[in-house]
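Chemist: Sending over run39.cif (mmCIF, C-alpha atoms).
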data_input
#
loop_
_atom_site.group_PDB
_atom_site.id
_atom_site.type_symbol
_atom_site.label_atom_id
_atom_site.label_comp_id
_atom_site.auth_asym_id
_atom_site.auth_seq_id
_atom_site.Cartn_x
_atom_site.Cartn_y
_atom_site.Cartn_z
ATOM 1 C CA MET Y 1103 156.380 26.623 92.791
ATOM 2 C CA PHE Y 1104 155.336 25.800 89.249
ATOM 3 C CA TYR Y 1105 157.762 25.874 86.322
ATOM 4 C CA ILE Y 1106 156.083 26.799 83.040
ATOM 5 C CA VAL Y 1107 158.355 25.741 80.185
ATOM 6 C CA GLY Y 1108 157.948 26.808 76.541
ATOM 7 C CA LEU Y 1109 159.681 24.446 74.114
ATOM 8 C CA GLY Y 1110 161.238 25.550 70.843
ATOM 9 C CA ASN Y 1111 164.525 26.233 69.144
ATOM 10 C CA PRO Y 1112 166.472 29.381 70.058
ATOM 11 C CA GLY Y 1113 167.505 31.847 67.356
ATOM 12 C CA GLU Y 1114 165.788 34.232 64.978
ATOM 13 C CA LYS Y 1115 165.433 31.788 62.103
ATOM 14 C CA TYR Y 1116 163.096 29.598 64.210
ATOM 15 C CA THR Y 1117 161.038 32.380 65.805
ATOM 16 C CA ASP Y 1118 157.827 32.034 63.773
ATOM 17 C CA THR Y 1119 157.985 28.312 63.051
ATOM 18 C CA ARG Y 1120 155.328 25.796 64.052
ATOM 19 C CA HIS Y 1121 157.826 23.890 66.191
ATOM 20 C CA ASN Y 1122 158.294 27.014 68.366
ATOM 21 C CA VAL Y 1123 154.659 27.534 69.303
ATOM 22 C CA GLY Y 1124 155.259 26.739 73.006
ATOM 23 C CA ARG Y 1125 158.183 29.136 73.192
ATOM 24 C CA ALA Y 1126 156.237 31.816 71.290
ATOM 25 C CA TYR Y 1127 153.435 31.642 73.843
ATOM 26 C CA LEU Y 1128 155.822 32.439 76.707
ATOM 27 C CA GLU Y 1129 157.630 35.160 74.787
ATOM 28 C CA GLN Y 1130 154.613 37.008 73.420
ATOM 29 C CA PHE Y 1131 151.237 35.893 74.680
ATOM 30 C CA ASN Y 1132 151.550 34.818 78.300
ATOM 31 C CA THR Y 1133 148.845 36.051 80.629
ATOM 32 C CA LEU Y 1134 151.116 38.595 82.359
ATOM 33 C CA GLY Y 1135 152.207 40.497 79.258
ATOM 34 C CA SER Y 1136 155.792 41.704 79.190
ATOM 35 C CA LEU Y 1137 158.097 39.665 81.425
ATOM 36 C CA ALA Y 1138 161.524 40.582 82.822
ATOM 37 C CA TRP Y 1139 163.682 37.773 81.435
ATOM 38 C CA ASN Y 1140 166.981 36.800 83.067
ATOM 39 C CA LYS Y 1141 169.618 34.388 81.798
ATOM 40 C CA SER Y 1142 170.834 31.318 83.638
ATOM 41 C CA LYS Y 1143 173.970 29.881 82.080
ATOM 42 C CA PRO Y 1144 173.985 26.715 84.246
ATOM 43 C CA ALA Y 1145 170.356 25.993 83.264
ATOM 44 C CA SER Y 1146 170.940 26.931 79.595
ATOM 45 C CA ALA Y 1147 167.745 28.961 79.822
ATOM 46 C CA GLN Y 1148 166.046 32.302 80.210
ATOM 47 C CA TYR Y 1149 163.686 32.602 83.155
ATOM 48 C CA ALA Y 1150 161.198 35.050 84.663
ATOM 49 C CA LYS Y 1151 159.545 34.806 88.084
ATOM 50 C CA ALA Y 1152 155.935 35.853 88.614
ATOM 51 C CA THR Y 1153 152.686 34.867 90.297
ATOM 52 C CA ILE Y 1154 149.489 33.535 88.752
ATOM 53 C CA ALA Y 1155 146.334 33.626 90.884
ATOM 54 C CA GLY Y 1156 148.553 34.073 93.956
ATOM 55 C CA GLN Y 1157 150.732 31.050 93.102
ATOM 56 C CA PRO Y 1158 154.487 31.555 92.542
ATOM 57 C CA VAL Y 1159 155.591 30.468 89.064
ATOM 58 C CA GLU Y 1160 158.761 30.570 87.054
ATOM 59 C CA PHE Y 1161 158.574 30.857 83.284
ATOM 60 C CA VAL Y 1162 161.412 28.979 81.573
ATOM 61 C CA LEU Y 1163 162.694 29.214 77.992
ATOM 62 C CA PRO Y 1164 165.355 26.566 77.313
ATOM 63 C CA GLU Y 1165 168.189 27.988 75.218
ATOM 64 C CA THR Y 1166 169.087 24.515 73.980
ATOM 65 C CA PHE Y 1167 167.716 23.056 70.759
ATOM 66 C CA MET Y 1168 164.427 21.180 71.084
ATOM 67 C CA ASN Y 1169 166.009 17.718 71.312
ATOM 68 C CA LYS Y 1170 168.059 18.812 74.368
ATOM 69 C CA SER Y 1171 165.175 20.413 76.309
ATOM 70 C CA GLY Y 1172 165.531 17.817 79.047
ATOM 71 C CA ASP Y 1173 168.918 19.265 80.046
ATOM 72 C CA THR Y 1174 167.248 22.460 81.288
ATOM 73 C CA LEU Y 1175 164.523 20.657 83.241
ATOM 74 C CA ALA Y 1176 167.062 18.249 84.742
ATOM 75 C CA TYR Y 1177 168.970 21.274 86.067
ATOM 76 C CA TYR Y 1178 165.817 22.623 87.758
ATOM 77 C CA VAL Y 1179 165.061 19.238 89.315
ATOM 78 C CA GLN Y 1180 168.628 18.636 90.521
ATOM 79 C CA LYS Y 1181 169.601 22.159 91.622
ATOM 80 C CA HIS Y 1182 166.276 23.809 92.540
ATOM 81 C CA GLY Y 1183 164.503 20.766 93.925
ATOM 82 C CA ALA Y 1184 161.711 21.018 91.364
ATOM 83 C CA LYS Y 1185 159.466 17.964 91.121
ATOM 84 C CA PRO Y 1186 158.445 16.692 87.670
ATOM 85 C CA GLU Y 1187 154.754 17.206 88.554
ATOM 86 C CA GLU Y 1188 155.477 20.928 89.167
ATOM 87 C CA CYS Y 1189 156.613 21.332 85.537
ATOM 88 C CA ILE Y 1190 154.072 22.482 82.939
ATOM 89 C CA VAL Y 1191 155.543 22.027 79.458
ATOM 90 C CA LEU Y 1192 154.030 23.763 76.418
ATOM 91 C CA HIS Y 1193 154.853 22.298 73.015
ATOM 92 C CA ASP Y 1194 153.642 21.777 69.462
ATOM 93 C CA ASP Y 1195 151.591 18.736 68.487
ATOM 94 C CA VAL Y 1196 151.138 17.622 64.863
ATOM 95 C CA ASP Y 1197 148.244 15.331 65.792
ATOM 96 C CA LEU Y 1198 146.076 18.292 66.826
ATOM 97 C CA ALA Y 1199 144.593 20.901 64.514
ATOM 98 C CA ILE Y 1200 145.431 24.568 64.845
ATOM 99 C CA GLY Y 1201 142.961 26.008 67.309
ATOM 100 C CA GLU Y 1202 143.050 22.982 69.634
ATOM 101 C CA ILE Y 1203 144.936 22.274 72.840
ATOM 102 C CA LYS Y 1204 145.088 19.151 74.956
ATOM 103 C CA ILE Y 1205 146.381 18.838 78.499
ATOM 104 C CA SER Y 1206 147.965 15.561 79.526
ATOM 105 C CA LYS Y 1207 150.127 14.061 82.247
ATOM 106 C CA GLY Y 1208 152.070 10.826 82.525
ATOM 107 C CA ARG Y 1209 151.965 10.100 78.773
ATOM 108 C CA GLY Y 1210 154.642 9.093 76.237
ATOM 109 C CA ASP Y 1211 156.524 11.516 73.977
ATOM 110 C CA GLY Y 1212 154.134 11.259 70.993
ATOM 111 C CA GLY Y 1213 157.115 11.598 68.646
ATOM 112 C CA ASN Y 1214 158.104 15.032 69.980
ATOM 113 C CA ASN Y 1215 161.889 15.135 70.469
ATOM 114 C CA GLY Y 1216 161.689 17.804 73.158
ATOM 115 C CA ILE Y 1217 159.335 15.666 75.245
ATOM 116 C CA LYS Y 1218 161.467 12.573 74.545
ATOM 117 C CA SER Y 1219 164.497 14.440 75.932
ATOM 118 C CA ILE Y 1220 162.599 15.561 79.060
ATOM 119 C CA ILE Y 1221 161.323 12.040 79.819
ATOM 120 C CA ALA Y 1222 164.840 10.613 79.392
ATOM 121 C CA ARG Y 1223 166.586 13.250 81.538
ATOM 122 C CA LEU Y 1224 163.979 13.297 84.327
ATOM 123 C CA ASP Y 1225 163.377 9.559 84.148
ATOM 124 C CA SER Y 1226 159.733 10.488 84.631
ATOM 125 C CA LYS Y 1227 156.569 11.159 82.632
ATOM 126 C CA GLU Y 1228 154.835 12.835 85.573
ATOM 127 C CA PHE Y 1229 155.052 16.388 84.232
ATOM 128 C CA VAL Y 1230 152.060 18.205 82.756
ATOM 129 C CA ARG Y 1231 151.969 18.859 79.031
ATOM 130 C CA VAL Y 1232 149.955 21.525 77.245
ATOM 131 C CA ARG Y 1233 149.905 20.257 73.666
ATOM 132 C CA ILE Y 1234 149.237 23.002 71.120
ATOM 133 C CA GLY Y 1235 147.852 21.972 67.733
ATOM 134 C CA ILE Y 1236 149.860 23.017 64.670
ATOM 135 C CA ALA Y 1237 148.304 20.880 61.904
ATOM 136 C CA PRO Y 1238 145.913 22.264 59.272
ATOM 137 C CA ARG Y 1239 142.537 20.701 58.545
ATOM 138 C CA HIS Y 1240 141.602 19.324 55.142
ATOM 139 C CA TRP Y 1241 139.520 21.972 53.372
ATOM 140 C CA TRP Y 1242 136.889 19.437 52.305
ATOM 141 C CA THR Y 1243 136.639 16.825 55.071
ATOM 142 C CA GLY Y 1244 137.721 18.971 58.024
ATOM 143 C CA GLU Y 1245 140.054 16.182 59.178
ATOM 144 C CA VAL Y 1246 143.495 16.945 60.593
ATOM 145 C CA LYS Y 1247 146.195 16.781 57.886
ATOM 146 C CA ARG Y 1248 149.134 15.258 59.745
ATOM 147 C CA PRO Y 1249 152.353 15.275 57.702
ATOM 148 C CA LYS Y 1250 154.093 11.925 57.174
ATOM 149 C CA ALA Y 1251 156.998 11.042 59.456
ATOM 150 C CA GLY Y 1252 160.532 11.734 58.234
ATOM 151 C CA VAL Y 1253 161.549 14.564 55.904
ATOM 152 C CA GLU Y 1254 157.973 15.759 55.298
ATOM 153 C CA LEU Y 1255 157.368 16.150 59.049
ATOM 154 C CA GLU Y 1256 160.710 17.911 59.641
ATOM 155 C CA ARG Y 1257 159.995 20.405 56.860
ATOM 156 C CA PHE Y 1258 156.467 20.990 58.098
ATOM 157 C CA VAL Y 1259 157.350 21.816 61.720
ATOM 158 C CA LEU Y 1260 159.972 24.318 60.544
ATOM 159 C CA GLN Y 1261 157.460 26.204 58.347
ATOM 160 C CA SER Y 1262 155.895 29.492 59.433
ATOM 161 C CA PHE Y 1263 152.194 29.853 60.165
ATOM 162 C CA THR Y 1264 149.942 31.550 57.612
ATOM 163 C CA ARG Y 1265 148.274 34.859 58.504
ATOM 164 C CA LYS Y 1266 144.920 33.096 59.062
ATOM 165 C CA GLU Y 1267 146.592 30.498 61.304
ATOM 166 C CA ARG Y 1268 148.252 33.241 63.376
ATOM 167 C CA THR Y 1269 144.818 34.728 64.065
ATOM 168 C CA GLN Y 1270 143.611 31.307 65.254
ATOM 169 C CA LEU Y 1271 146.691 30.993 67.474
ATOM 170 C CA GLU Y 1272 145.978 34.272 69.228
ATOM 171 C CA LEU Y 1273 142.620 32.826 70.340
ATOM 172 C CA VAL Y 1274 144.336 29.586 71.400
ATOM 173 C CA TYR Y 1275 146.829 31.519 73.528
ATOM 174 C CA LYS Y 1276 143.931 33.096 75.427
ATOM 175 C CA THR Y 1277 142.621 29.597 76.132
ATOM 176 C CA ILE Y 1278 146.091 28.566 77.329
ATOM 177 C CA ASN Y 1279 146.151 31.536 79.722
ATOM 178 C CA ALA Y 1280 142.931 30.269 81.294
ATOM 179 C CA ALA Y 1281 144.156 26.648 81.319
ATOM 180 C CA ILE Y 1282 147.404 27.546 83.077
ATOM 181 C CA GLU Y 1283 145.509 29.424 85.768
ATOM 182 C CA VAL Y 1284 143.403 26.316 86.427
ATOM 183 C CA LEU Y 1285 146.519 24.108 86.380
ATOM 184 C CA VAL Y 1286 148.322 26.121 89.053
ATOM 185 C CA THR Y 1287 145.258 26.634 91.260
ATOM 186 C CA ASP Y 1288 143.243 23.414 90.895
ATOM 187 C CA GLY Y 1289 145.575 20.860 89.293
ATOM 188 C CA PRO Y 1290 145.753 18.895 86.044
ATOM 189 C CA GLU Y 1291 142.632 16.754 86.473
ATOM 190 C CA LYS Y 1292 140.338 19.765 86.682
ATOM 191 C CA ALA Y 1293 142.195 21.467 83.802
ATOM 192 C CA MET Y 1294 141.841 18.337 81.631
ATOM 193 C CA ASN Y 1295 138.117 18.101 82.381
ATOM 194 C CA GLN Y 1296 137.629 21.762 81.519
ATOM 195 C CA PHE Y 1297 139.859 22.213 78.456
ATOM 196 C CA ASN Y 1298 140.278 18.836 76.731
#
Once more with this new file: its structure as structure tokens, please.
Modeler:
Amino acid sequence: MFYIVGLGNPGEKYTDTRHNVGRAYLEQFNTLGSLAWNKSKPASAQYAKATIAGQPVEFVLPETFMNKSGDTLAYYVQKHGAKPEECIVLHDDVDLAIGEIKISKGRGDGGNNGIKSIIARLDSKEFVRVRIGIAPRHWWTGEVKRPKAGVELERFVLQSFTRKERTQLELVYKTINAAIEVLVTDGPEKAMNQFN
């Protein structure tokens, strides 16, 4: 069983923010279309069971704030017997430009509080991450414009995407659909080779 987890903050005011891009993918753009979501109070999450390419999966939306995401995954590991390597976590990444994704496994938190919480609660880095770019590119140089740490970064991740950026994201979500299928059928190494 694979657990596909979309990180973000619950609540309407965060719905369209950059920080919620992983959650938005599961809610709106996952490969299976409309999902039948159920609530799990003990897990502090919504979940939906499905299959991808014949493999059983469970989509998970933590209902905690981003910096407590690890609580939900810890519940799945402790109560459902999930292994960290069966967890595929989708989240925003300010070091990647909009339109890019990067798959990784066994890496540090990269400054993302949701990932920091998961590593701490699982005491493991052996889960798969699908990092979704949220940073704009400089109009002249084409380089990624990463906001500075601190207040500037906090403000940036809580901003909404522009209309043009939303169009780019829709294409990215199609790539993520394909990447997740490879992840659940052939594993992270093949997915990294194909999509990074």
Chemist: For His1240 in chain Y, work out the shell of residues within 12 Å, counting all atoms listed in the file and skipping chain neighbours fewer than 5 positions away, then give it as a list in words.
Modeler: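 Result of the neighbour search: Ala1199, Ile1200, Glu1245, Val1246, Lys1247, Arg1248 and Pro1249 of chain Y.
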Chemist: From the set Y:Leu1137, Y:Val1286, Y:Ile1205, Y:Ala1222, which residue has the shortest atom-to-atom contact distance to Ala1176 in chain Y, counting only C-alpha atoms?
Modeler: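 Nearest candidate to Ala1176 in chain Y out of Y:Leu1137, Y:Val1286, Y:Ile1205, Y:Ala1222: Y:Ala1222.
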Chemist: Counting only C-alpha atoms, give me one row per residue of range 1175-1287 of chain Y with an atom at most 10 Å from an atom of range 1155-1171 of chain Y, showing the shortest contact pair and its distance in Å to one decimal, sorted by chain then residue number, as JSON lines.
Modeler:
{"residue": "Y:Leu1175", "atom": "CA", "partner": "Y:Ser1171", "partner_atom": "CA", "distance": 7.0}
{"residue": "Y:Ala1176", "atom": "CA", "partner": "Y:Ser1171", "partner_atom": "CA", "distance": 8.9}
{"residue": "Y:Tyr1178", "atom": "CA", "partner": "Y:Val1162", "partner_atom": "CA", "distance": 9.9}
{"residue": "Y:Glu1188", "atom": "CA", "partner": "Y:Val1159", "partner_atom": "CA", "distance": 9.5}
{"residue": "Y:Cys1189", "atom": "CA", "partner": "Y:Glu1160", "partner_atom": "CA", "distance": 9.6}
{"residue": "Y:Ile1190", "atom": "CA", "partner": "Y:Phe1161", "partner_atom": "CA", "distance": 9.5}
{"residue": "Y:Val1191", "atom": "CA", "partner": "Y:Val1162", "partner_atom": "CA", "distance": 9.3}
{"residue": "Y:His1193", "atom": "CA", "partner": "Y:Met1168", "partner_atom": "CA", "distance": 9.8}
{"residue": "Y:Asn1214", "atom": "CA", "partner": "Y:Asn1169", "partner_atom": "CA", "distance": 8.5}
{"residue": "Y:Asn1215", "atom": "CA", "partner": "Y:Asn1169", "partner_atom": "CA", "distance": 4.9}
{"residue": "Y:Gly1216", "atom": "CA", "partner": "Y:Asn1169", "partner_atom": "CA", "distance": 4.7}
{"residue": "Y:Ile1217", "atom": "CA", "partner": "Y:Ser1171", "partner_atom": "CA", "distance": 7.6}
{"residue": "Y:Lys1218", "atom": "CA", "partner": "Y:Asn1169", "partner_atom": "CA", "distance": 7.6}
{"residue": "Y:Ser1219", "atom": "CA", "partner": "Y:Lys1170", "partner_atom": "CA", "distance": 5.9}
{"residue": "Y:Ile1220", "atom": "CA", "partner": "Y:Ser1171", "partner_atom": "CA", "distance": 6.1}
{"residue": "Y:Ile1221", "atom": "CA", "partner": "Y:Ser1171", "partner_atom": "CA", "distance": 9.9}
{"residue": "Y:Arg1223", "atom": "CA", "partner": "Y:Ser1171", "partner_atom": "CA", "distance": 9.0}
{"residue": "Y:Ile1282", "atom": "CA", "partner": "Y:Ala1155", "partner_atom": "CA", "distance": 10.0}
{"residue": "Y:Glu1283", "atom": "CA", "partner": "Y:Ala1155", "partner_atom": "CA", "distance": 6.7}
{"residue": "Y:Val1284", "atom": "CA", "partner": "Y:Ala1155", "partner_atom": "CA", "distance": 9.0}
{"residue": "Y:Val1286", "atom": "CA", "partner": "Y:Gln1157", "partner_atom": "CA", "distance": 6.8}
{"residue": "Y:Thr1287", "atom": "CA", "partner": "Y:Ala1155", "partner_atom": "CA", "distance": 7.1}
Chemist: If we count all atoms listed in the file, what is near range 1117-1121 of chain Y at a cut-off of 9 Å, once residues fewer than 4 positions away on the same chain are taken out, given as a PyMOL selection string?
Modeler: chain Y and resi 1109-1113+1125-1126+1168+1193-1195+1236-1237+1258-1263
Chemist: Can those selected residues be exported to a file as a compact mmCIF listing (two decimals), keeping the file's coordinate frame so that it contains C-alpha atoms?
Modeler:
# COMPACT_ATOMS: atom_id res chain seq x y z
CA LEU Y 1109 159.68 24.45 74.11
CA GLY Y 1110 161.24 25.55 70.84
CA ASN Y 1111 164.52 26.23 69.14
CA PRO Y 1112 166.47 29.38 70.06
CA GLY Y 1113 167.50 31.85 67.36
CA ARG Y 1125 158.18 29.14 73.19
CA ALA Y 1126 156.24 31.82 71.29
CA MET Y 1168 164.43 21.18 71.08
CA HIS Y 1193 154.85 22.30 73.02
CA ASP Y 1194 153.64 21.78 69.46
CA ASP Y 1195 151.59 18.74 68.49
CA ILE Y 1236 149.86 23.02 64.67
CA ALA Y 1237 148.30 20.88 61.90
CA PHE Y 1258 156.47 20.99 58.10
CA VAL Y 1259 157.35 21.82 61.72
CA LEU Y 1260 159.97 24.32 60.54
CA GLN Y 1261 157.46 26.20 58.35
CA SER Y 1262 155.90 29.49 59.43
CA PHE Y 1263 152.19 29.85 60.16
Chemist: Calculated over all atoms listed in the file, which of the candidates Y:Thr1243, Y:Thr1153, Y:Ala1184, Y:Tyr1275 has the smallest distance to Glu1129 in chain Y?
Modeler: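 Looking only at the distances to Glu1129 in chain Y, the closest residue turns out to be Y:Tyr1275.
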Chemist: Nearest residue to His1182 in chain Y out of Y:Pro1290, Y:Gly1235, Y:Tyr1105, Y:Val1230, using all atoms listed in the file?
Modeler: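 That would be Y:Tyr1105, the residue with the smallest distance to His1182 in chain Y.
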Chemist: Here is a test: counting all atoms listed in the file, which residue of Y:Ile1154, Y:Ile1234, Y:Val1179, Y:Leu1192 is nearest to Leu1271 in chain Y?
Modeler: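 The answer is Y:Ile1234, which sits nearest to Leu1271 in chain Y.
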Chemist: Of the candidates Y:Lys1276, Y:Lys1250, Y:Gly1244, Y:Thr1174, which shows the shortest atom-to-atom distance to Val1196 in chain Y, using all atoms listed in the file?
Modeler: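 For Val1196 in chain Y, the nearest of the candidates is Y:Lys1250.
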Chemist: Any idea what the distance is between CA of Val1232 in chain Y and CA of Gly1210 in chain Y?
Modeler: 13.3 Å
Chemist: So how far away is CA of Tyr1116 in chain Y from CA of Gly1212 in chain Y, in Å?
Modeler: 21.5 Å
Chemist: Nearest to Asn1295 in chain Y among Y:Ala1281, Y:Gln1148, Y:Ser1142, Y:Trp1242, with distances taken over all atoms listed in the file: which residue is it?
Modeler: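 For Asn1295 in chain Y, the nearest of the given residues is Y:Ala1281.
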Chemist: For CA of Thr1264 in chain Y and CA of Arg1231 in chain Y, determine how far apart the two atoms are, in Å to one decimal place.
Modeler: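 Between these atoms lies a distance of 25.0 Å.
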